[in-house]
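Colleague: Below: one structure in structure tokens.
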Number of protein chains: 6
Amino acid sequence: MSTVSPSVDPERDPRVKAVFDDIRATRQTEFINNMWRYLAAVDPALLASTWAEVKRVMATPGALDPLTREMIYITASIVNGCSYCVHSHTAAARAKGMTPEQYAELLSIVSLAGKTNLLATGLQVPVDAVFDRG
Amino acid sequence: MSTVSPSVDPERDPRVKAVFDDIRATRQTEFINNMWRYLAAVDPALLASTWAEVKRVMATPGALDPLTREMIYITASIVNGCSYCVHSHTAAARAKGMTPEQYAELLSIVSLAGKTNLLATGLQVPVDAVFDRG
Amino acid sequence: MSTVSPSVDPERDPRVKAVFDDIRATRQTEFINNMWRYLAAVDPALLASTWAEVKRVMATPGALDPLTREMIYITASIVNGCSYCVHSHTAAARAKGMTPEQYAELLSIVSLAGKTNLLATGLQVPVDAVFDRG
Amino acid sequence: MSTVSPSVDPERDPRVKAVFDDIRATRQTEFINNMWRYLAAVDPALLASTWAEVKRVMATPGALDPLTREMIYITASIVNGCSYCVHSHTAAARAKGMTPEQYAELLSIVSLAGKTNLLATGLQVPVDAVFDRG
Amino acid sequence: MSTVSPSVDPERDPRVKAVFDDIRATRQTEFINNMWRYLAAVDPALLASTWAEVKRVMATPGALDPLTREMIYITASIVNGCSYCVHSHTAAARAKGMTPEQYAELLSIVSLAGKTNLLATGLQVPVDAVFDRG
Amino acid sequence: MSTVSPSVDPERDPRVKAVFDDIRATRQTEFINNMWRYLAAVDPALLASTWAEVKRVMATPGALDPLTREMIYITASIVNGCSYCVHSHTAAARAKGMTPEQYAELLSIVSLAGKTNLLATGLQVPVDAVFDRG
């Protein structure tokens, strides 16, 4: 169930085709997952800007390796409770080499954070002065 | 402001002293941050079990390096909106070597996830069948 | 799947019938959506007070037009991650005239907020003094 | 308290100066609020891309008027629990003409959504088939 | 810091005075906490309807005792990350007899839920058929 | 749909069998719900530590009775938006004697908290000095 109907032939719109072509080229696969198909159905401009940002943030070489980036993305998606994103980024992390051991550790850390975050919020623990930077 | 009053001399309780001693030994510092002082004020048993889990999950050698673990912890803390935890784990990540470039990338990923998580939830995008494992 | 079983004939209870009749009259439709059927199964009093508040807040003429109200409702529902509410209020907004362009802009704003909210929380940006009212 | 130290003279970096100049020109004010000062301290590129998106989404004429956009932004910020963003966007909405009556209605709707969102989630109400679009 | 300015003399408005009088009578105290003072500054009607609901839900004799109700309220407030509400309802629970042992157990349960909730969401565990009621 | 595949015969691993045996003995039932089956598929050590904590926090006699504990757990699960946990803990609370009246009151309190939490956050109500403990 969704709030919009994806088009059967979204690539008839050249703006959509350009984005889908870039997704295929960047990811080296023919598969276009639903996120992009549904965004295309809402607004080709939103599709284009969202994909451009995902590509820039996730695929530009930088200070963090691709797998670490995906694990950060999974973490945010879990805590935000986004079912779709948990699925898609867990799959992406595995495609980038996440091992079962790494996944188990990630889940251990995320769930521990869920625990201590609520303890700190429940107690309203004051931030230590040494942590302040500005 | 907090919901509990930390003791001026929490280590008079030997259960608290044992945990604080272990924190100091594990972290190689005399500094005990407020999280542990306030947990001590609530319940020494909860203090002990929480610290034991933090130590096990964060300090046991495994499949993820210490900095990656802290970056996952920061991510969860940001999305959970835990001010204390954002401060303490950002400080911890820096102590473990997080560079300004890594921090900037982490923030770029977390905030991008905040964006796409809401798009997927707003559209109620159906999970692609290929993502399903079980 | 749900945590309660809706009755096959909920309107045998006159308190439920009174609410359902008022929903039909207010909305000019025979359709009673599941939210009300499931609330009826839990507690007719909770059903009545919830509907009374929805009717008062959403249908009383005031400073905001009906469509703006629904778009605020959709926004809250997306951020709260309430799948049912995202569906029902997106449908309601369309029934009140939300265009595809307005929906695309709403999603652009909500998702941008998801991004900047996490940046501000991640950085723990101090509130500017000029924003303070009290 | 923050996790980064803003520079005393951030505009010595020409990338920061360009963004700040554009903020001043767009908003017709000399005031640069903390969000931008702290982002500048993290990463001028993140500052630039974030501002560009905020300007595009919030200031490009389109299907929603500027005040409605701000009210959607406030709503998302409240539900996300972002204190900084609640302050800054409530101030922005007032600058764009939000009346006390409109603000009171916005709060009534957001808080009602907070209530019904939790009822639907608590009951796990199944989505009505008529709401499905795709 | 707040987004509204409370009045110095809110009870000059008879609608506010009526609510404040009822709060004092119901709670047997002269103290009116900030929540009501700030709501009064926004909208006396919203103040009145909110107080009426709080009084009805929290103070009407029923199936749950007053302390259990407050502990449920604290729990929701912690998970929602509402600092004000965590403080006010923890104080209220103590006024209704919550012991340090009960508070420690409450925090242990809430934080454990924070942990297992994220594990279930991270794994996207399918709901067992036996849990379904409707 | 899930991110992991549960084993058809998870108890071939003696660590899993030990936990499942303890769950059956503690709960006096042959039924092992999916949460434990999926955790077993991720990591028997995470399964064991999670179950040990659930058993300790939820089944050790203490200051709160078993039903109150489950109602606190349901509350946290609803606010965290964890569908699986809402189902499993609502079922557990009923097994421990939660009546329809108690469930209706719980939902009334949780949803009221959802409302007032957002009002306090929207207004950024300052915490009253009298609430401060530390």
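We label chains A, B, ... in the order they appear in the structure tokens, count residues from 1 in each chain, and number ligands from 1 in the order shown.
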Using only C-alpha atoms, find which residues of chain B lie within 8 Å of chain E and jot them down as a list in words.

Modeller: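 Residues satisfying the distance criterion: Ser2, Thr3, Val42, Asp43, Leu46, Asn80, Gly81 and Cys82 of chain B.
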
Colleague: DSSP on the backbone, alpha helix (DSSP H) only: what residues of stretch 38-91 of chain E does that give? Format it as a VMD selection string.

Modeller: chain E and resid 38 to 42 44 to 59 66 to 79 83 to 91

Colleague: Write to file, as a PDB file, in the first residue's frame, the residues of the selection just made, with C-alpha atoms.

Modeller:
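To be explicit, this is the file written out as again_19.pdb:
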ATOM      1  CA  TYR E  38       2.203  28.953  28.824  1.00  0.00           C
ATOM      2  CA  LEU E  39      -0.905  27.322  27.418  1.00  0.00           C
ATOM      3  CA  ALA E  40      -2.886  30.253  28.864  1.00  0.00           C
ATOM      4  CA  ALA E  41      -0.640  32.599  26.919  1.00  0.00           C
ATOM      5  CA  VAL E  42      -1.429  30.782  23.681  1.00  0.00           C
ATOM      6  CA  PRO E  44      -7.513  30.000  26.876  1.00  0.00           C
ATOM      7  CA  ALA E  45      -9.704  27.556  24.955  1.00  0.00           C
ATOM      8  CA  LEU E  46      -6.799  25.191  24.332  1.00  0.00           C
ATOM      9  CA  LEU E  47      -5.855  25.557  28.008  1.00  0.00           C
ATOM     10  CA  ALA E  48      -9.363  24.666  29.090  1.00  0.00           C
ATOM     11  CA  SER E  49      -9.791  21.652  26.813  1.00  0.00           C
ATOM     12  CA  THR E  50      -6.333  20.294  27.650  1.00  0.00           C
ATOM     13  CA  TRP E  51      -6.861  20.617  31.387  1.00  0.00           C
ATOM     14  CA  ALA E  52     -10.315  19.059  31.136  1.00  0.00           C
ATOM     15  CA  GLU E  53      -8.827  16.045  29.379  1.00  0.00           C
ATOM     16  CA  VAL E  54      -5.918  15.721  31.814  1.00  0.00           C
ATOM     17  CA  LYS E  55      -8.319  15.884  34.742  1.00  0.00           C
ATOM     18  CA  ARG E  56     -10.680  13.358  33.216  1.00  0.00           C
ATOM     19  CA  VAL E  57      -8.026  10.853  32.134  1.00  0.00           C
ATOM     20  CA  MET E  58      -5.759  11.167  35.152  1.00  0.00           C
ATOM     21  CA  ALA E  59      -8.127  11.924  38.031  1.00  0.00           C
ATOM     22  CA  PRO E  66      -3.247   7.051  40.060  1.00  0.00           C
ATOM     23  CA  LEU E  67       0.408   6.012  40.424  1.00  0.00           C
ATOM     24  CA  THR E  68       0.253   3.499  37.574  1.00  0.00           C
ATOM     25  CA  ARG E  69      -1.260   6.211  35.406  1.00  0.00           C
ATOM     26  CA  GLU E  70       1.589   8.568  36.182  1.00  0.00           C
ATOM     27  CA  MET E  71       4.190   5.893  35.451  1.00  0.00           C
ATOM     28  CA  ILE E  72       2.589   5.305  32.057  1.00  0.00           C
ATOM     29  CA  TYR E  73       2.710   9.073  31.497  1.00  0.00           C
ATOM     30  CA  ILE E  74       6.390   9.277  32.472  1.00  0.00           C
ATOM     31  CA  THR E  75       7.164   6.424  30.101  1.00  0.00           C
ATOM     32  CA  ALA E  76       5.492   8.080  27.138  1.00  0.00           C
ATOM     33  CA  SER E  77       7.185  11.388  27.971  1.00  0.00           C
ATOM     34  CA  ILE E  78      10.637   9.809  28.126  1.00  0.00           C
ATOM     35  CA  VAL E  79      10.225   8.022  24.811  1.00  0.00           C
ATOM     36  CA  SER E  83      12.040  17.242  28.787  1.00  0.00           C
ATOM     37  CA  TYR E  84       9.354  19.329  30.445  1.00  0.00           C
ATOM     38  CA  CYS E  85       6.967  16.385  30.682  1.00  0.00           C
ATOM     39  CA  VAL E  86       9.613  14.038  32.078  1.00  0.00           C
ATOM     40  CA  HIS E  87      10.234  16.520  34.870  1.00  0.00           C
ATOM     41  CA  SER E  88       6.601  17.310  35.646  1.00  0.00           C
ATOM     42  CA  HIS E  89       5.322  13.737  35.577  1.00  0.00           C
ATOM     43  CA  THR E  90       8.253  12.327  37.552  1.00  0.00           C
ATOM     44  CA  ALA E  91       7.446  14.930  40.200  1.00  0.00           C
TER      45      ALA E  91
END

Colleague: Measure the distance from atom CA of C:Asp13 to atom CA of F:Gln102 in Å and round it to one decimal.

Modeller: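 Separation between atom CA of C:Asp13 and atom CA of F:Gln102: 20.2 Å.
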
Colleague: My list of candidates is A:Ala95, A:Thr121, A:Pro61, A:Asp132. Which is closest to A:Thr29 when distances are computed with only C-alpha atoms?

Modeller: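 Among the listed residues, A:Ala95 lies closest to A:Thr29.
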
Colleague: Can you work out the spacing between atom CA of F:Val19 and atom CA of E:Val127 in Å, to one decimal?

Modeller: 20.3 Å

Colleague: Could you check how far atom CA of C:Ile109 sits from atom CA of C:Met35, in Å to one decimal?

Modeller: 27.2 Å

Colleague: Quick one: residues within 6 Å of B:Lys115, only C-alpha atoms, excluding same-chain residues fewer than 2 positions away - as a compact mmCIF listing (two decimals) with all heavy atoms, in the first residue's frame?

Modeller:
# COMPACT_ATOMS: atom_id res chain seq x y z
N LEU B 112 20.92 13.26 5.68
CA LEU B 112 20.32 12.74 4.44
C LEU B 112 19.35 11.61 4.77
O LEU B 112 18.25 11.52 4.19
CB LEU B 112 21.43 12.22 3.51
CG LEU B 112 20.97 11.46 2.27
CD1 LEU B 112 20.07 12.32 1.39
CD2 LEU B 112 22.18 10.97 1.47
N ALA B 113 19.73 10.77 5.70
CA ALA B 113 18.83 9.69 6.13
C ALA B 113 17.55 10.29 6.72
O ALA B 113 16.44 9.80 6.46
CB ALA B 113 19.51 8.77 7.14
N ASN B 117 14.30 9.01 4.93
CA ASN B 117 13.43 8.24 5.82
C ASN B 117 12.01 8.83 5.79
O ASN B 117 11.02 8.11 5.69
CB ASN B 117 13.94 8.27 7.27
CG ASN B 117 15.18 7.42 7.53
OD1 ASN B 117 15.69 7.39 8.63
ND2 ASN B 117 15.71 6.74 6.52
N LEU B 118 11.92 10.16 5.86
CA LEU B 118 10.59 10.79 5.87
C LEU B 118 9.92 10.71 4.51
O LEU B 118 8.69 10.59 4.42
CB LEU B 118 10.69 12.24 6.35
CG LEU B 118 11.06 12.41 7.83
CD1 LEU B 118 11.05 13.89 8.21
CD2 LEU B 118 10.10 11.66 8.73
N SER C 111 10.70 16.61 4.34
CA SER C 111 11.96 15.87 4.28
C SER C 111 13.16 16.79 4.50
O SER C 111 14.16 16.39 5.11
CB SER C 111 12.08 15.11 2.96
OG SER C 111 12.03 15.97 1.85
N LEU C 112 13.05 18.04 4.08
CA LEU C 112 14.10 19.01 4.39
C LEU C 112 14.18 19.24 5.90
O LEU C 112 15.26 19.33 6.48
CB LEU C 112 13.82 20.33 3.66
CG LEU C 112 14.72 21.51 4.03
CD1 LEU C 112 16.18 21.20 3.78
CD2 LEU C 112 14.29 22.76 3.26
N GLY C 114 13.37 17.09 8.13
CA GLY C 114 14.01 15.90 8.69
C GLY C 114 15.52 16.02 8.65
O GLY C 114 16.22 15.56 9.55
N LYS C 115 16.01 16.65 7.60
CA LYS C 115 17.45 16.83 7.44
C LYS C 115 18.00 17.90 8.40
O LYS C 115 18.94 17.65 9.15
CB LYS C 115 17.71 17.26 5.99
CG LYS C 115 19.13 17.52 5.62
CD LYS C 115 19.17 17.96 4.16
CE LYS C 115 20.58 18.22 3.66
NZ LYS C 115 20.57 18.44 2.18
